[in-house]
>>> print(open('run_6.tsv').read())   # TSV, C-alpha atoms
chain	number	residue	atom	x	y	z
A	1	MET	CA	143.02	128.54	-23.07
A	2	LYS	CA	146.39	128.27	-24.86
A	3	ARG	CA	148.15	129.59	-21.72
A	4	ILE	CA	146.50	126.97	-19.52
A	5	LEU	CA	147.45	124.21	-21.94
A	6	ALA	CA	151.04	125.50	-22.21
A	7	PHE	CA	151.26	125.68	-18.39
A	8	ALA	CA	149.92	122.12	-18.04
A	9	VAL	CA	152.46	120.79	-20.57
A	10	THR	CA	155.28	122.62	-18.75
A	11	VAL	CA	154.21	121.13	-15.40
A	12	MET	CA	154.03	117.64	-16.89
A	13	ILE	CA	157.51	117.94	-18.40
A	14	PHE	CA	158.87	119.24	-15.08
A	15	LEU	CA	157.25	116.39	-13.11
A	16	SER	CA	158.55	113.75	-15.52
A	17	MET	CA	162.10	115.15	-15.10
A	18	VAL	CA	161.78	115.10	-11.30
A	19	ILE	CA	160.39	111.57	-11.23
A	20	SER	CA	163.08	110.26	-13.60
A	21	ALA	CA	165.78	111.78	-11.36
A	22	LEU	CA	164.55	109.86	-8.30
A	23	PRO	CA	166.58	106.74	-7.42
A	24	VAL	CA	164.88	103.46	-8.18
A	25	ASN	CA	164.92	100.99	-5.27
A	26	ALA	CA	167.25	103.23	-3.28
A	27	ALA	CA	168.89	101.38	-0.40
A	28	PRO	CA	167.84	102.57	3.04
A	29	LYS	CA	170.36	104.64	4.95
A	30	LEU	CA	172.11	102.45	7.49
A	31	ASN	CA	173.04	103.46	11.02
A	32	GLN	CA	176.78	103.06	11.54
A	33	TYR	CA	178.24	101.91	14.85
A	34	ASP	CA	181.95	102.13	15.59
A	35	GLN	CA	183.55	98.98	17.00
A	36	ASN	CA	184.08	100.62	20.40
A	37	ASN	CA	180.34	101.12	20.99
A	38	LYS	CA	179.60	99.64	24.43
A	39	LEU	CA	176.60	97.75	23.03
A	40	ILE	CA	178.90	95.65	20.82
A	41	LEU	CA	180.15	92.79	22.97
A	42	TYR	CA	183.53	91.10	22.75
A	43	ASN	CA	185.24	88.10	24.29
A	44	GLY	CA	188.92	87.69	23.38
A	45	PHE	CA	189.22	90.88	21.28
A	46	SER	CA	191.40	93.91	22.09
A	47	GLU	CA	191.20	97.48	20.85
A	48	TYR	CA	194.08	98.87	18.77
A	49	ALA	CA	194.59	102.35	17.30
A	50	VAL	CA	195.15	102.11	13.53
A	51	ASP	CA	195.20	104.48	10.57
A	52	GLY	CA	192.38	104.11	8.07
A	53	ALA	CA	189.82	102.79	10.54
A	54	TYR	CA	186.22	104.03	10.56
A	55	GLY	CA	186.96	105.74	13.88
A	56	THR	CA	190.46	105.80	15.28
A	57	SER	CA	190.73	102.14	16.26
A	58	VAL	CA	189.66	98.56	15.58
A	59	ASN	CA	189.03	95.51	17.75
A	60	SER	CA	191.19	92.53	16.82
A	61	ALA	CA	191.64	88.99	18.07
A	62	PRO	CA	194.40	86.46	17.31
A	63	SER	CA	192.82	83.47	19.03
A	64	PRO	CA	190.35	81.02	17.51
A	65	GLY	CA	187.07	81.14	19.42
A	66	ALA	CA	187.19	84.88	20.17
A	67	ILE	CA	183.72	86.42	19.70
A	68	MET	CA	182.15	89.73	18.67
A	69	GLN	CA	178.37	90.07	19.03
A	70	ALA	CA	176.01	92.88	18.00
A	71	THR	CA	172.24	92.75	18.48
A	72	PHE	CA	169.88	94.95	16.48
A	73	LYS	CA	166.19	95.62	16.88
A	74	ASP	CA	163.79	96.54	14.08
A	75	CYS	CA	166.30	95.56	11.40
A	76	THR	CA	166.32	93.85	8.00
A	77	THR	CA	169.93	94.57	6.95
A	78	ILE	CA	173.28	94.15	8.74
A	79	GLU	CA	176.78	94.94	7.47
A	80	LEU	CA	180.15	94.08	9.03
A	81	TYR	CA	183.26	96.12	8.25
A	82	GLY	CA	186.79	95.17	9.21
A	83	GLY	CA	190.31	94.73	7.98
A	84	ARG	CA	192.20	92.35	5.74
A	85	GLY	CA	195.91	91.64	5.84
A	86	ILE	CA	198.76	89.14	5.65
A	87	ASP	CA	198.18	87.84	9.20
A	88	ARG	CA	194.41	87.26	9.01
A	89	ALA	CA	192.24	84.17	9.45
A	90	TYR	CA	188.74	83.13	8.51
A	91	ALA	CA	185.85	84.61	10.48
A	92	ASP	CA	182.76	82.48	11.04
A	93	ILE	CA	179.66	84.65	10.65
A	94	TYR	CA	176.50	83.76	12.54
A	95	VAL	CA	173.12	85.43	12.15
A	96	ASP	CA	170.61	84.51	14.83
A	97	ASP	CA	172.91	81.68	16.03
A	98	GLU	CA	173.10	80.03	12.60
A	99	LEU	CA	176.44	79.80	10.81
A	100	VAL	CA	175.79	81.56	7.50
A	101	GLU	CA	179.29	82.02	6.10
A	102	SER	CA	183.01	81.66	6.77
A	103	ILE	CA	184.85	84.63	5.29
A	104	ASN	CA	188.55	84.76	4.49
A	105	THR	CA	190.03	88.01	5.84
A	106	TYR	CA	193.49	87.34	4.37
A	107	SER	CA	194.90	89.78	1.82
A	108	ALA	CA	198.43	90.27	0.50
A	109	THR	CA	198.05	93.97	1.33
A	110	THR	CA	196.57	95.68	4.38
A	111	GLU	CA	193.04	96.97	3.84
A	112	ARG	CA	190.97	98.85	6.42
A	113	ASN	CA	187.23	99.52	6.78
A	114	VAL	CA	186.33	96.90	4.15
A	115	LEU	CA	182.82	95.45	3.83
A	116	LEU	CA	183.41	91.87	5.01
A	117	TYR	CA	179.82	90.64	5.20
A	118	LYS	CA	176.32	91.85	4.38
A	119	VAL	CA	172.92	90.31	4.88
A	120	SER	CA	169.66	91.91	3.75
A	121	GLY	CA	166.09	90.78	3.40
A	122	LEU	CA	165.83	89.62	7.01
A	123	THR	CA	162.35	89.62	8.50
A	124	ARG	CA	162.03	92.96	10.30
A	125	GLY	CA	162.74	92.36	13.98
A	126	GLU	CA	165.55	91.55	16.40
A	127	HIS	CA	168.65	89.94	14.88
A	128	VAL	CA	172.05	88.99	16.30
A	129	LEU	CA	175.30	89.17	14.32
A	130	LYS	CA	178.10	87.10	15.79
A	131	VAL	CA	181.69	86.90	14.50
A	132	VAL	CA	183.85	84.03	15.74
A	133	VAL	CA	187.58	83.79	14.95
A	134	SER	CA	188.05	80.49	13.12
A	135	LYS	CA	190.87	77.98	13.46
A	136	THR	CA	191.07	78.06	9.64
A	137	LYS	CA	193.39	80.45	7.84
A	138	ASP	CA	194.51	81.00	4.27
A	139	ASN	CA	197.66	79.03	3.40
A	140	ALA	CA	199.45	82.31	2.67
A	141	SER	CA	198.48	83.88	6.01
A	142	VAL	CA	201.15	84.29	8.71
A	143	GLY	CA	198.62	84.64	11.54
A	144	THR	CA	195.10	84.04	12.79
A	145	TRP	CA	193.85	87.58	13.45
A	146	VAL	CA	190.34	88.86	12.74
A	147	GLU	CA	189.63	92.61	12.84
A	148	VAL	CA	186.29	94.35	13.42
A	149	ASP	CA	186.00	98.05	12.51
A	150	MET	CA	182.28	98.83	12.54
A	151	VAL	CA	178.80	97.43	12.01
A	152	ALA	CA	175.91	99.04	10.17
A	153	SER	CA	172.20	98.30	10.11
A	154	ASP	CA	168.84	99.80	9.25
A	155	GLY	CA	167.90	98.83	12.81
A	156	VAL	CA	169.06	100.07	16.19
A	157	LEU	CA	171.92	98.53	18.16
A	158	MET	CA	170.64	97.19	21.47
A	159	GLU	CA	172.00	95.68	24.66
A	160	LYS	CA	172.01	91.90	24.97
A	161	LYS	CA	174.12	89.48	26.97
A	162	LEU	CA	176.96	87.76	25.15
A	163	GLN	CA	176.18	84.13	24.39
A	164	ILE	CA	178.99	81.62	24.19
A	165	LYS	CA	178.40	78.03	23.15
A	166	ASP	CA	180.36	75.42	25.06
A	167	PRO	CA	180.06	71.96	23.47
A	168	GLU	CA	180.08	70.28	26.88
A	169	GLU	CA	177.81	72.67	28.78
A	170	GLY	CA	175.56	74.12	26.05
A	171	ASN	CA	174.77	77.83	25.82
A	172	GLN	CA	176.19	79.99	28.55
A	173	ILE	CA	175.00	83.53	29.14
A	174	ILE	CA	177.88	85.77	30.11
A	175	ASP	CA	177.08	88.66	32.44
A	176	ASP	CA	178.85	91.37	30.46
A	177	SER	CA	178.72	93.79	33.40
A	178	LEU	CA	181.58	91.73	34.86
A	179	LEU	CA	183.79	92.14	31.77
A	180	SER	CA	186.12	95.02	31.04
A	181	TYR	CA	186.55	96.14	27.42
A	182	GLU	CA	189.35	98.67	27.87
A	183	GLY	CA	193.13	98.61	27.47
A	184	ASP	CA	195.43	96.08	25.84
A	185	TRP	CA	194.73	92.46	26.63
A	186	THR	CA	197.50	89.91	26.54
>>> encode(input="run_6.tsv", output="structure tokens")
Amino acid sequence: MKRILAFAVTVMIFLSMVISALPVNAAPKLNQYDQNNKLILYNGFSEYAVDGAYGTSVNSAPSPGAIMQATFKDCTTIELYGGRGIDRAYADIYVDDELVESINTYSATTERNVLLYKVSGLTRGEHVLKVVVSKTKDNASVGTWVEVDMVASDGVLMEKKLQIKDPEEGNQIIDDSLLSYEGDWT
């Protein structure tokens, strides 16, 4: 009887140590997608090789109105990673076509693969992240660039046509099969 009781106490101590070592409210592992994934759509961005990027390159745009769009299915969390630097502007962040934040990507020093924006707690389903280069820039900035390095989500990146809003014509659906995403654009 003493052996059974000693064994039971040992098991209880072991289980309490295992349970206390488990993370509380551990964040779900996110799927990471490099900026050059063909399911991430761009209009006005160009790909550049840079050191310190998630992969070997980033997509950057110097012109206000340039757009990056990523659509996820079965997701509740989305993260956007990019760069900061002396020549950077604000990026307008849209989730499901609603402007949710304008983020300043200016920094006095160059930073790569930085978390620029995160949203969590979305209703599980299909969600669209859109980044639009703003006309606004920090007073200290010497340019209007916005840089995208990667996106991450607990959902799966999916194909969807790029939507561009034209104030005079309303929403336009761009047939992305007609666009080329390779090489330097000038």
>>> closest_residue(input="run_6.tsv", among="A:Ile103, A:Leu41, A:Met68, A:Val156", to="A:Val131", atoms="all atoms listed in the file")
A:Met68
>>> closest_atom_pairs(input="run_6.tsv", of="stretch 95-124 of chain A", to="stretch 145-152 of chain A", cutoff="10 Å", atoms="all atoms listed in the file", output="Markdown table")
| residue | atom | partner | partner_atom | distance |
| --- | --- | --- | --- | --- |
| A:Asn104 | CA | A:Val146 | CA | 9.4 |
| A:Thr105 | CA | A:Val146 | CA | 7.0 |
| A:Tyr106 | CA | A:Val146 | CA | 9.1 |
| A:Arg112 | CA | A:Asp149 | CA | 7.9 |
| A:Asn113 | CA | A:Asp149 | CA | 6.0 |
| A:Val114 | CA | A:Asp149 | CA | 8.4 |
| A:Leu115 | CA | A:Val151 | CA | 9.3 |
| A:Leu116 | CA | A:Val148 | CA | 9.2 |
| A:Tyr117 | CA | A:Val151 | CA | 9.7 |
| A:Lys118 | CA | A:Ala152 | CA | 9.2 |
>>> axis_aligned_box(input="run_6.tsv", around="stretch 53-69 of chain A", padding_each_side="8 Å", output="AutoDock Vina command-line options")
--center_x 186.4 --center_y 93.4 --center_z 15.4 --size_x 32.0 --size_y 40.8 --size_z 25.6
>>> residues_around(input="run_6.tsv", residues="A:Leu122", least_positions_apart="4", cutoff="9 Å", atoms="all atoms listed in the file", output="ChimeraX atom specification")
/A:75-78,127
>>> atom_distance(input="run_6.tsv", atom1="atom CA of A:Ile93", atom2="atom CA of A:Ser134")
9.7 Å
>>> atom_distance(input="run_6.tsv", atom1="atom CA of A:Lys137", atom2="atom CA of A:Gly52")
23.7 Å
>>> closest_residue(input="run_6.tsv", among="A:Thr144, A:Ala49, A:Glu101, A:Gln35", to="A:Gly65", atoms="all atoms listed in the file")
A:Thr144
>>> atom_distance(input="run_6.tsv", atom1="atom CA of A:Gly121", atom2="atom CA of A:Asp34")
23.0 Å
